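Asker: Below is the structure I would like to discuss, written out as structure tokens.
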Amino acid sequence: MKPPIPIAVTGAAGQINYSLLFRLAAGELLGHDQPIILRLLEIPPAMQTLRGVVMELNDCAYPLLHQIVITDDPCVAFENVEYAFLIGAKPRSQGMLRSDLLEQNAEIFAVQGRALNQVASRQVKVLVTGNPSNTNALIAINNAPDLPASCFTAMTMLDHTRAVSQLAQRCGVVSRQIRRISIWGNHSCAQYPDLRNATVNGIAALSLVDQPWIVDEFIPTVQYRGTEIIKIRGQSSAASAANAALVHMQTWIQGTADDDWVSMAVASDGSYGIAEGLVYSFPVRIRQGQPEIVQGLDIDDFSAAFLRRNQTELQDERETIRHLL
Ligand code: NAX
């Protein structure tokens, strides 16, 4: 049997984790021959709920689940971890503004960035899901000066899979026939779901769908999907978000298919004119275990306006939390 690998997960008593933890414990991230240790971080008021979740995890008798550590200390949760899912934060409820979220959640990611800097593996792969995820990742990067910024990503995979699904449904195909969807910018309603490079069974998506559908249906449906789910379900997306977190980390570990890419928010290197350092979602491929921004895509005026709007929004968010950088 291989030695167990620790995986840190924050917000472990929350609704996303009520799906994610069970999939991790079943071996969906690291494979069905790799034992794991779950290192679960929560705040004290949620510890009781977390103990109940741990009872259920134990009751599944997962063959690969070697140990579960629960703690409210980030330095314990992140000790030597290779993988960290930063999910814990206050979720957006109906009517809550992003700026309120930003204020409330920023401090959490400063503390957790410092803890990762102190105790995590130097190759740790960190996925920030807690909202506002791009700016929370920016805060974590800036509070972890001894870790390369490339250790940190924020999640736009849910937006990506939503976009894939919308295009697949429109074209009457299944999702694996879709390639090269891109989500640009912020994980917010400003994001730009872009199908200009997408293919459906190898055929250019632009030759199969018309511009009014793209502008009036595809883009807003993806942008506002989270809001719509809160309205209809009464709670924010959970199982689909857990799935996206898992797919994001799996892709980071296993790589992208040769003819495809995924969307991840990473520290900008100035590509496509996006200010260096901003955590911005790009189409990325995984090369030697690292996300690399896909280069050379044609950006028309319509797309450029979206890219600029997202940059401005993220720069404004950065100003709000500058004291934490
Ligand atoms: P829940 O409120 O169900 O769970 C959040 C959990 O985090 C709670 O148990 C809470 O006690 C815990 N928590 C709060 N502060 C913490 C801290 N300092 N350390 C450790 N744990 C802490 O929310 P859930 O629905 O699970 O959503 C979690 C986060 O994901 C939210 O910020 C939400 O907005 C965000 N989302 C991000 C998405 C993305 O695509 N980037 C999509 C889904 C989701 O909305």
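In the structure tokens, each chain is lettered A, B, ... as it comes, each chain's residues begin at 1, and ligands are numbered from 1 in order of appearance.
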Please find the residues contacting ligand 1 at a distance of at most 7 Å between atoms, with only C-alpha atoms and all ligand atoms counted, and report them as a PDB file with N, CA, C and O atoms, in the first residue's frame.
Answerer:
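Everything below was put into result.pdb:
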```pdb
ATOM      1  N   THR A  10     -11.060  23.276   3.700  1.00  0.00           N
ATOM      2  CA  THR A  10     -11.613  24.230   4.670  1.00  0.00           C
ATOM      3  C   THR A  10     -13.124  24.356   4.462  1.00  0.00           C
ATOM      4  O   THR A  10     -13.640  24.052   3.383  1.00  0.00           O
ATOM      5  N   GLY A  11     -13.794  24.816   5.521  1.00  0.00           N
ATOM      6  CA  GLY A  11     -15.260  24.918   5.436  1.00  0.00           C
ATOM      7  C   GLY A  11     -15.892  23.548   5.382  1.00  0.00           C
ATOM      8  O   GLY A  11     -16.919  23.328   4.729  1.00  0.00           O
ATOM      9  N   ALA A  12     -15.288  22.615   6.121  1.00  0.00           N
ATOM     10  CA  ALA A  12     -15.617  21.194   5.951  1.00  0.00           C
ATOM     11  C   ALA A  12     -17.042  20.838   6.378  1.00  0.00           C
ATOM     12  O   ALA A  12     -17.569  19.811   5.950  1.00  0.00           O
ATOM     13  N   ALA A  13     -17.654  21.689   7.207  1.00  0.00           N
ATOM     14  CA  ALA A  13     -19.030  21.391   7.628  1.00  0.00           C
ATOM     15  C   ALA A  13     -20.065  22.014   6.695  1.00  0.00           C
ATOM     16  O   ALA A  13     -21.265  21.875   6.915  1.00  0.00           O
ATOM     17  N   GLY A  14     -19.603  22.690   5.644  1.00  0.00           N
ATOM     18  CA  GLY A  14     -20.528  23.410   4.769  1.00  0.00           C
ATOM     19  C   GLY A  14     -21.158  22.517   3.716  1.00  0.00           C
ATOM     20  O   GLY A  14     -20.832  21.340   3.580  1.00  0.00           O
ATOM     21  N   GLN A  15     -22.045  23.143   2.923  1.00  0.00           N
ATOM     22  CA  GLN A  15     -22.841  22.330   1.987  1.00  0.00           C
ATOM     23  C   GLN A  15     -22.026  21.823   0.794  1.00  0.00           C
ATOM     24  O   GLN A  15     -22.276  20.712   0.315  1.00  0.00           O
ATOM     25  N   ILE A  16     -21.061  22.576   0.303  1.00  0.00           N
ATOM     26  CA  ILE A  16     -20.238  22.050  -0.815  1.00  0.00           C
ATOM     27  C   ILE A  16     -19.496  20.806  -0.346  1.00  0.00           C
ATOM     28  O   ILE A  16     -19.426  19.784  -1.030  1.00  0.00           O
ATOM     29  N   ASN A  17     -18.970  20.896   0.865  1.00  0.00           N
ATOM     30  CA  ASN A  17     -18.191  19.766   1.370  1.00  0.00           C
ATOM     31  C   ASN A  17     -19.037  18.549   1.725  1.00  0.00           C
ATOM     32  O   ASN A  17     -18.504  17.444   1.833  1.00  0.00           O
ATOM     33  N   LEU A  41     -10.614  21.791   8.151  1.00  0.00           N
ATOM     34  CA  LEU A  41     -10.603  23.034   8.930  1.00  0.00           C
ATOM     35  C   LEU A  41     -12.018  23.593   9.025  1.00  0.00           C
ATOM     36  O   LEU A  41     -12.734  23.681   8.026  1.00  0.00           O
ATOM     37  N   GLU A  42     -12.377  23.985  10.228  1.00  0.00           N
ATOM     38  CA  GLU A  42     -13.662  24.672  10.450  1.00  0.00           C
ATOM     39  C   GLU A  42     -13.479  25.711  11.548  1.00  0.00           C
ATOM     40  O   GLU A  42     -12.448  25.766  12.213  1.00  0.00           O
ATOM     41  N   ILE A  43     -14.491  26.548  11.700  1.00  0.00           N
ATOM     42  CA  ILE A  43     -14.493  27.494  12.813  1.00  0.00           C
ATOM     43  C   ILE A  43     -15.222  26.832  13.994  1.00  0.00           C
ATOM     44  O   ILE A  43     -16.057  25.937  13.784  1.00  0.00           O
ATOM     45  N   PRO A  45     -17.825  27.390  15.918  1.00  0.00           N
ATOM     46  CA  PRO A  45     -19.277  27.163  15.963  1.00  0.00           C
ATOM     47  C   PRO A  45     -19.747  26.015  15.058  1.00  0.00           C
ATOM     48  O   PRO A  45     -20.856  25.499  15.247  1.00  0.00           O
ATOM     49  N   ALA A  46     -18.926  25.639  14.075  1.00  0.00           N
ATOM     50  CA  ALA A  46     -19.348  24.581  13.136  1.00  0.00           C
ATOM     51  C   ALA A  46     -18.758  23.216  13.480  1.00  0.00           C
ATOM     52  O   ALA A  46     -19.000  22.244  12.762  1.00  0.00           O
ATOM     53  N   ILE A  87     -12.378  26.257   0.688  1.00  0.00           N
ATOM     54  CA  ILE A  87     -13.806  26.388   0.367  1.00  0.00           C
ATOM     55  C   ILE A  87     -14.543  27.206   1.422  1.00  0.00           C
ATOM     56  O   ILE A  87     -15.495  27.912   1.130  1.00  0.00           O
ATOM     57  N   GLY A  88     -14.059  27.140   2.647  1.00  0.00           N
ATOM     58  CA  GLY A  88     -14.751  27.799   3.752  1.00  0.00           C
ATOM     59  C   GLY A  88     -14.779  29.307   3.615  1.00  0.00           C
ATOM     60  O   GLY A  88     -13.750  29.954   3.415  1.00  0.00           O
ATOM     61  N   ALA A  89     -15.941  29.856   3.701  1.00  0.00           N
ATOM     62  CA  ALA A  89     -16.171  31.300   3.674  1.00  0.00           C
ATOM     63  C   ALA A  89     -17.648  31.471   3.890  1.00  0.00           C
ATOM     64  O   ALA A  89     -18.393  30.491   3.930  1.00  0.00           O
ATOM     65  N   LYS A  90     -18.038  32.725   4.030  1.00  0.00           N
ATOM     66  CA  LYS A  90     -19.470  32.959   4.157  1.00  0.00           C
ATOM     67  C   LYS A  90     -20.062  32.964   2.754  1.00  0.00           C
ATOM     68  O   LYS A  90     -19.575  33.696   1.898  1.00  0.00           O
ATOM     69  N   PRO A  91     -21.063  32.126   2.462  1.00  0.00           N
ATOM     70  CA  PRO A  91     -21.616  32.141   1.100  1.00  0.00           C
ATOM     71  C   PRO A  91     -22.523  33.343   0.885  1.00  0.00           C
ATOM     72  O   PRO A  91     -23.037  33.916   1.842  1.00  0.00           O
ATOM     73  N   ARG A  92     -22.683  33.693  -0.373  1.00  0.00           N
ATOM     74  CA  ARG A  92     -23.572  34.807  -0.707  1.00  0.00           C
ATOM     75  C   ARG A  92     -25.015  34.351  -0.577  1.00  0.00           C
ATOM     76  O   ARG A  92     -25.399  33.324  -1.117  1.00  0.00           O
ATOM     77  N   ILE A 108     -10.089  36.056   6.209  1.00  0.00           N
ATOM     78  CA  ILE A 108      -9.913  34.591   6.291  1.00  0.00           C
ATOM     79  C   ILE A 108      -8.749  34.147   5.403  1.00  0.00           C
ATOM     80  O   ILE A 108      -7.927  33.312   5.784  1.00  0.00           O
ATOM     81  N   THR A 129     -12.039  28.436  -3.631  1.00  0.00           N
ATOM     82  CA  THR A 129     -13.436  28.400  -4.095  1.00  0.00           C
ATOM     83  C   THR A 129     -14.277  29.440  -3.354  1.00  0.00           C
ATOM     84  O   THR A 129     -15.197  30.029  -3.918  1.00  0.00           O
ATOM     85  N   GLY A 130     -13.960  29.650  -2.074  1.00  0.00           N
ATOM     86  CA  GLY A 130     -14.723  30.611  -1.261  1.00  0.00           C
ATOM     87  C   GLY A 130     -14.754  31.970  -1.939  1.00  0.00           C
ATOM     88  O   GLY A 130     -13.729  32.471  -2.414  1.00  0.00           O
ATOM     89  N   ASN A 131     -15.908  32.563  -2.003  1.00  0.00           N
ATOM     90  CA  ASN A 131     -16.087  33.823  -2.735  1.00  0.00           C
ATOM     91  C   ASN A 131     -15.743  35.059  -1.925  1.00  0.00           C
ATOM     92  O   ASN A 131     -15.876  35.042  -0.713  1.00  0.00           O
ATOM     93  N   PRO A 132     -15.333  36.141  -2.579  1.00  0.00           N
ATOM     94  CA  PRO A 132     -15.063  36.284  -4.018  1.00  0.00           C
ATOM     95  C   PRO A 132     -13.719  35.622  -4.357  1.00  0.00           C
ATOM     96  O   PRO A 132     -12.661  36.133  -3.959  1.00  0.00           O
ATOM     97  N   SER A 133     -13.783  34.521  -5.063  1.00  0.00           N
ATOM     98  CA  SER A 133     -12.649  33.603  -5.106  1.00  0.00           C
ATOM     99  C   SER A 133     -11.405  34.193  -5.766  1.00  0.00           C
ATOM    100  O   SER A 133     -10.292  33.952  -5.295  1.00  0.00           O
ATOM    101  N   ALA A 154      -7.848  30.052  -8.548  1.00  0.00           N
ATOM    102  CA  ALA A 154      -9.233  30.231  -8.065  1.00  0.00           C
ATOM    103  C   ALA A 154     -10.170  29.571  -9.069  1.00  0.00           C
ATOM    104  O   ALA A 154      -9.814  29.351 -10.226  1.00  0.00           O
ATOM    105  N   MET A 155     -11.353  29.263  -8.586  1.00  0.00           N
ATOM    106  CA  MET A 155     -12.232  28.370  -9.357  1.00  0.00           C
ATOM    107  C   MET A 155     -13.180  29.113 -10.301  1.00  0.00           C
ATOM    108  O   MET A 155     -14.037  29.882  -9.867  1.00  0.00           O
ATOM    109  N   THR A 156     -13.014  28.861 -11.591  1.00  0.00           N
ATOM    110  CA  THR A 156     -14.057  29.224 -12.560  1.00  0.00           C
ATOM    111  C   THR A 156     -14.493  27.964 -13.320  1.00  0.00           C
ATOM    112  O   THR A 156     -15.121  28.060 -14.369  1.00  0.00           O
ATOM    113  N   MET A 157     -14.150  26.804 -12.751  1.00  0.00           N
ATOM    114  CA  MET A 157     -14.517  25.541 -13.408  1.00  0.00           C
ATOM    115  C   MET A 157     -16.025  25.329 -13.429  1.00  0.00           C
ATOM    116  O   MET A 157     -16.561  24.733 -14.372  1.00  0.00           O
ATOM    117  N   LEU A 158     -16.725  25.831 -12.411  1.00  0.00           N
ATOM    118  CA  LEU A 158     -18.178  25.662 -12.432  1.00  0.00           C
ATOM    119  C   LEU A 158     -18.775  26.484 -13.580  1.00  0.00           C
ATOM    120  O   LEU A 158     -19.676  26.031 -14.287  1.00  0.00           O
ATOM    121  N   ASP A 159     -18.236  27.686 -13.778  1.00  0.00           N
ATOM    122  CA  ASP A 159     -18.698  28.506 -14.909  1.00  0.00           C
ATOM    123  C   ASP A 159     -18.375  27.799 -16.225  1.00  0.00           C
ATOM    124  O   ASP A 159     -19.164  27.810 -17.170  1.00  0.00           O
ATOM    125  N   HIS A 187     -14.903  35.445 -11.280  1.00  0.00           N
ATOM    126  CA  HIS A 187     -16.050  34.570 -10.985  1.00  0.00           C
ATOM    127  C   HIS A 187     -17.159  35.452 -10.410  1.00  0.00           C
ATOM    128  O   HIS A 187     -17.393  35.508  -9.205  1.00  0.00           O
ATOM    129  N   SER A 236     -27.327  28.248  -2.396  1.00  0.00           N
ATOM    130  CA  SER A 236     -26.366  28.350  -3.502  1.00  0.00           C
ATOM    131  C   SER A 236     -25.957  26.961  -3.995  1.00  0.00           C
ATOM    132  O   SER A 236     -26.144  25.955  -3.297  1.00  0.00           O
ATOM    133  N   SER A 237     -25.376  26.942  -5.186  1.00  0.00           N
ATOM    134  CA  SER A 237     -24.935  25.686  -5.819  1.00  0.00           C
ATOM    135  C   SER A 237     -24.009  24.936  -4.876  1.00  0.00           C
ATOM    136  O   SER A 237     -23.083  25.532  -4.325  1.00  0.00           O
ATOM    137  N   ALA A 238     -24.215  23.651  -4.732  1.00  0.00           N
ATOM    138  CA  ALA A 238     -23.359  22.903  -3.812  1.00  0.00           C
ATOM    139  C   ALA A 238     -22.763  21.675  -4.489  1.00  0.00           C
ATOM    140  O   ALA A 238     -21.542  21.585  -4.657  1.00  0.00           O
ATOM    141  N   ALA A 241     -20.864  22.663  -7.482  1.00  0.00           N
ATOM    142  CA  ALA A 241     -19.621  23.355  -7.104  1.00  0.00           C
ATOM    143  C   ALA A 241     -18.585  22.348  -6.617  1.00  0.00           C
ATOM    144  O   ALA A 241     -17.396  22.455  -6.928  1.00  0.00           O
TER     145      ALA A 241
END
```
Asker: Just want the 8 Å neighbourhood of stretch 275-277 of chain A, counted on only C-alpha atoms, with same-chain residues fewer than 5 positions away dropped. Output as a PyMOL selection string.
Answerer: chain A and resi 138+267-270+311
Asker: Per residue of stretch 272-299 of chain A within 12 Å of stretch 146-150 of chain A, record the nearest atom pair and its distance in Å to one decimal, counting only C-alpha atoms, with rows in chain order and ascending residue number, as JSON lines.
Answerer:
```
{"residue": "A:Glu276", "atom": "CA", "partner": "A:Ala149", "partner_atom": "CA", "distance": 11.6}
{"residue": "A:Gly277", "atom": "CA", "partner": "A:Ala149", "partner_atom": "CA", "distance": 8.7}
{"residue": "A:Leu278", "atom": "CA", "partner": "A:Ala149", "partner_atom": "CA", "distance": 10.8}
{"residue": "A:Val279", "atom": "CA", "partner": "A:Ala149", "partner_atom": "CA", "distance": 9.7}
{"residue": "A:Ile286", "atom": "CA", "partner": "A:Ser150", "partner_atom": "CA", "distance": 11.6}
{"residue": "A:Gly289", "atom": "CA", "partner": "A:Ser150", "partner_atom": "CA", "distance": 10.2}
{"residue": "A:Gln290", "atom": "CA", "partner": "A:Ser150", "partner_atom": "CA", "distance": 7.2}
{"residue": "A:Pro291", "atom": "CA", "partner": "A:Ser150", "partner_atom": "CA", "distance": 7.7}
{"residue": "A:Glu292", "atom": "CA", "partner": "A:Ser150", "partner_atom": "CA", "distance": 9.5}
{"residue": "A:Ile293", "atom": "CA", "partner": "A:Ser150", "partner_atom": "CA", "distance": 11.5}
```
Asker: Give me, as number ranges by chain, all polymer residues having an atom no more than 7 Å from stretch 114-118 of chain A, counting only C-alpha atoms and skipping those fewer than 5 positions away in the same chain.
Answerer: A: 74-75, 78, 143-147
Asker: Store the residues picked out above in a file with N, CA and C atoms, as a JSON list (two decimals), in the first residue's frame.
Answerer:
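As a result, part_4.json now contains:
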```json
[["chain", "number", "residue", "atom", "x", "y", "z"],
["A", 74, "PRO", "N", -5.54, 26.73, 11.19],
["A", 74, "PRO", "CA", -5.07, 26.53, 9.81],
["A", 74, "PRO", "C", -3.67, 25.90, 9.75],
["A", 75, "CYS", "N", -2.81, 26.19, 10.74],
["A", 75, "CYS", "CA", -1.45, 25.62, 10.69],
["A", 75, "CYS", "C", -1.48, 24.11, 10.93],
["A", 78, "PHE", "N", -3.07, 22.63, 7.43],
["A", 78, "PHE", "CA", -2.26, 22.70, 6.20],
["A", 78, "PHE", "C", -0.89, 22.05, 6.34],
["A", 143, "ASN", "N", -0.05, 36.84, 0.97],
["A", 143, "ASN", "CA", 0.30, 36.50, 2.35],
["A", 143, "ASN", "C", 1.14, 35.23, 2.43],
["A", 144, "ALA", "N", 1.55, 34.74, 1.27],
["A", 144, "ALA", "CA", 2.40, 33.53, 1.23],
["A", 144, "ALA", "C", 3.64, 33.82, 0.39],
["A", 145, "PRO", "N", 4.50, 34.73, 0.86],
["A", 145, "PRO", "CA", 5.61, 35.19, 0.00],
["A", 145, "PRO", "C", 6.64, 34.11, -0.32],
["A", 146, "ASP", "N", 6.67, 33.03, 0.48],
["A", 146, "ASP", "CA", 7.67, 31.98, 0.21],
["A", 146, "ASP", "C", 7.15, 30.90, -0.73],
["A", 147, "LEU", "N", 5.89, 31.01, -1.12],
["A", 147, "LEU", "CA", 5.34, 30.04, -2.08],
["A", 147, "LEU", "C", 5.19, 30.76, -3.43]]
```
Asker: So which residues of stretch 107-263 of chain A fall under alpha helix (DSSP H) by DSSP, listed as a PyMOL selection string?
Answerer: chain A and resi 107-119+133-142+157-171+211-213+219-223+225-233+239-254
Asker: Keeping C-alpha atoms, export the residues of the selection given above as a PDB file, in the first residue's frame.
Answerer:
```pdb
ATOM      1  CA  GLU A 107      -9.378  38.377   6.395  1.00  0.00           C
ATOM      2  CA  ILE A 108      -9.913  34.591   6.291  1.00  0.00           C
ATOM      3  CA  PHE A 109      -7.687  34.279   3.240  1.00  0.00           C
ATOM      4  CA  ALA A 110      -4.924  36.458   4.701  1.00  0.00           C
ATOM      5  CA  VAL A 111      -4.745  34.136   7.724  1.00  0.00           C
ATOM      6  CA  GLN A 112      -4.877  31.005   5.578  1.00  0.00           C
ATOM      7  CA  GLY A 113      -2.262  32.337   3.126  1.00  0.00           C
ATOM      8  CA  ARG A 114       0.130  32.906   6.043  1.00  0.00           C
ATOM      9  CA  ALA A 115      -0.522  29.416   7.384  1.00  0.00           C
ATOM     10  CA  LEU A 116       0.085  27.798   3.978  1.00  0.00           C
ATOM     11  CA  ASN A 117       3.293  29.813   3.719  1.00  0.00           C
ATOM     12  CA  GLN A 118       4.466  28.433   7.050  1.00  0.00           C
ATOM     13  CA  VAL A 119       3.543  24.770   6.924  1.00  0.00           C
ATOM     14  CA  SER A 133     -12.649  33.603  -5.106  1.00  0.00           C
ATOM     15  CA  ASN A 134     -10.340  35.535  -7.475  1.00  0.00           C
ATOM     16  CA  THR A 135      -9.605  38.246  -4.941  1.00  0.00           C
ATOM     17  CA  ASN A 136      -9.411  35.788  -2.050  1.00  0.00           C
ATOM     18  CA  ALA A 137      -6.725  33.934  -4.024  1.00  0.00           C
ATOM     19  CA  LEU A 138      -4.916  37.247  -4.585  1.00  0.00           C
ATOM     20  CA  ILE A 139      -4.945  37.845  -0.817  1.00  0.00           C
ATOM     21  CA  ALA A 140      -3.651  34.326  -0.124  1.00  0.00           C
ATOM     22  CA  ILE A 141      -0.821  34.721  -2.674  1.00  0.00           C
ATOM     23  CA  ASN A 142       0.252  38.008  -1.121  1.00  0.00           C
ATOM     24  CA  MET A 157     -14.517  25.541 -13.408  1.00  0.00           C
ATOM     25  CA  LEU A 158     -18.178  25.662 -12.432  1.00  0.00           C
ATOM     26  CA  ASP A 159     -18.698  28.506 -14.909  1.00  0.00           C
ATOM     27  CA  HIS A 160     -16.756  26.458 -17.457  1.00  0.00           C
ATOM     28  CA  THR A 161     -18.882  23.329 -17.028  1.00  0.00           C
ATOM     29  CA  ARG A 162     -22.044  25.438 -17.069  1.00  0.00           C
ATOM     30  CA  ALA A 163     -20.939  26.919 -20.408  1.00  0.00           C
ATOM     31  CA  VAL A 164     -20.071  23.487 -21.822  1.00  0.00           C
ATOM     32  CA  SER A 165     -23.469  22.186 -20.774  1.00  0.00           C
ATOM     33  CA  GLN A 166     -25.372  25.140 -22.308  1.00  0.00           C
ATOM     34  CA  LEU A 167     -23.596  24.742 -25.650  1.00  0.00           C
ATOM     35  CA  ALA A 168     -24.023  20.955 -25.643  1.00  0.00           C
ATOM     36  CA  GLN A 169     -27.762  21.272 -24.973  1.00  0.00           C
ATOM     37  CA  ARG A 170     -28.169  23.896 -27.687  1.00  0.00           C
ATOM     38  CA  CYS A 171     -26.382  21.716 -30.254  1.00  0.00           C
ATOM     39  CA  GLN A 211     -25.043  35.616 -32.481  1.00  0.00           C
ATOM     40  CA  PRO A 212     -28.407  36.539 -30.868  1.00  0.00           C
ATOM     41  CA  TRP A 213     -28.383  33.209 -28.979  1.00  0.00           C
ATOM     42  CA  ILE A 219     -23.628  34.546 -22.008  1.00  0.00           C
ATOM     43  CA  PRO A 220     -26.276  35.741 -19.493  1.00  0.00           C
ATOM     44  CA  THR A 221     -27.352  32.183 -18.629  1.00  0.00           C
ATOM     45  CA  VAL A 222     -23.791  31.292 -17.614  1.00  0.00           C
ATOM     46  CA  GLN A 223     -23.143  34.644 -15.925  1.00  0.00           C
ATOM     47  CA  ARG A 225     -26.569  30.740 -13.250  1.00  0.00           C
ATOM     48  CA  GLY A 226     -25.484  30.976  -9.591  1.00  0.00           C
ATOM     49  CA  THR A 227     -28.068  33.677  -8.867  1.00  0.00           C
ATOM     50  CA  GLU A 228     -30.756  31.655 -10.660  1.00  0.00           C
ATOM     51  CA  ILE A 229     -29.966  28.548  -8.627  1.00  0.00           C
ATOM     52  CA  ILE A 230     -30.214  30.495  -5.355  1.00  0.00           C
ATOM     53  CA  LYS A 231     -33.602  31.808  -6.521  1.00  0.00           C
ATOM     54  CA  ILE A 232     -34.937  28.392  -7.482  1.00  0.00           C
ATOM     55  CA  ARG A 233     -33.272  26.082  -4.944  1.00  0.00           C
ATOM     56  CA  ALA A 239     -23.045  19.514  -5.520  1.00  0.00           C
ATOM     57  CA  SER A 240     -22.182  21.135  -8.849  1.00  0.00           C
ATOM     58  CA  ALA A 241     -19.621  23.355  -7.104  1.00  0.00           C
ATOM     59  CA  ALA A 242     -18.111  20.305  -5.390  1.00  0.00           C
ATOM     60  CA  ASN A 243     -17.910  18.577  -8.758  1.00  0.00           C
ATOM     61  CA  ALA A 244     -16.187  21.595 -10.277  1.00  0.00           C
ATOM     62  CA  ALA A 245     -13.652  21.738  -7.418  1.00  0.00           C
ATOM     63  CA  LEU A 246     -12.847  18.080  -7.937  1.00  0.00           C
ATOM     64  CA  VAL A 247     -12.548  18.425 -11.731  1.00  0.00           C
ATOM     65  CA  HIS A 248     -10.354  21.540 -11.325  1.00  0.00           C
ATOM     66  CA  MET A 249      -7.887  19.746  -9.047  1.00  0.00           C
ATOM     67  CA  GLN A 250      -8.002  16.492 -11.092  1.00  0.00           C
ATOM     68  CA  THR A 251      -7.180  18.469 -14.239  1.00  0.00           C
ATOM     69  CA  TRP A 252      -4.320  20.269 -12.480  1.00  0.00           C
ATOM     70  CA  ILE A 253      -2.879  16.898 -11.463  1.00  0.00           C
ATOM     71  CA  GLN A 254      -3.601  14.861 -14.589  1.00  0.00           C
TER      72      GLN A 254
END
```
Asker: I'd like the interatomic distance between atom CA of A:Val200 and atom CA of A:Val173, to a tenth of an Å.
Answerer: 7.9 Å
Asker: Quick check, in Å to one decimal: how far apart do atom CA of A:Tyr272 and atom CA of A:Asn201 lie?
Answerer: 27.6 Å
Asker: Would you mind reading off the distance between atom CA of A:Ile203 and atom CA of A:Leu297, one decimal, in Å?
Answerer: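 Calculated distance between atom CA of A:Ile203 and atom CA of A:Leu297 is 17.3 Å.
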Asker: In terms of the shortest atom-to-atom distance over only C-alpha atoms, which of A:Glu103, A:Asp298, A:Asp194, A:Glu217 is closest to A:Arg322?
Answerer: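 Smallest distance to A:Arg322 is found for A:Glu103.
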Asker: Which polymer residues have any atom within 7 Å of an atom of A:Trp184, counting only C-alpha atoms, with same-chain residues fewer than 4 positions away left out, as a list of chain:residue names?
Answerer: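 The neighbour list is A:Gln191, A:Tyr192, A:Pro193, A:Ser281, A:Phe282, A:Leu307.
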Asker: Give me, as a list in words, all polymer residues having an atom no more than 12 Å from A:Ala257, counting only C-alpha atoms and skipping those fewer than 4 positions away in the same chain.
Answerer: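 That gives Arg176, Arg179, Arg180, Thr251, Trp252, Trp261, Val262, Val284, Arg285, Ile286 and Arg287 of chain A.
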Asker: Rank A:Val174, A:Ile321, A:Ala190, A:Met47 by their smallest atom-to-atom distance to A:Tyr280, using only C-alpha atoms, and report the top residue only.
Answerer: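 Of A:Val174, A:Ile321, A:Ala190, A:Met47, the one nearest A:Tyr280 is A:Ala190, counting only C-alpha atoms.
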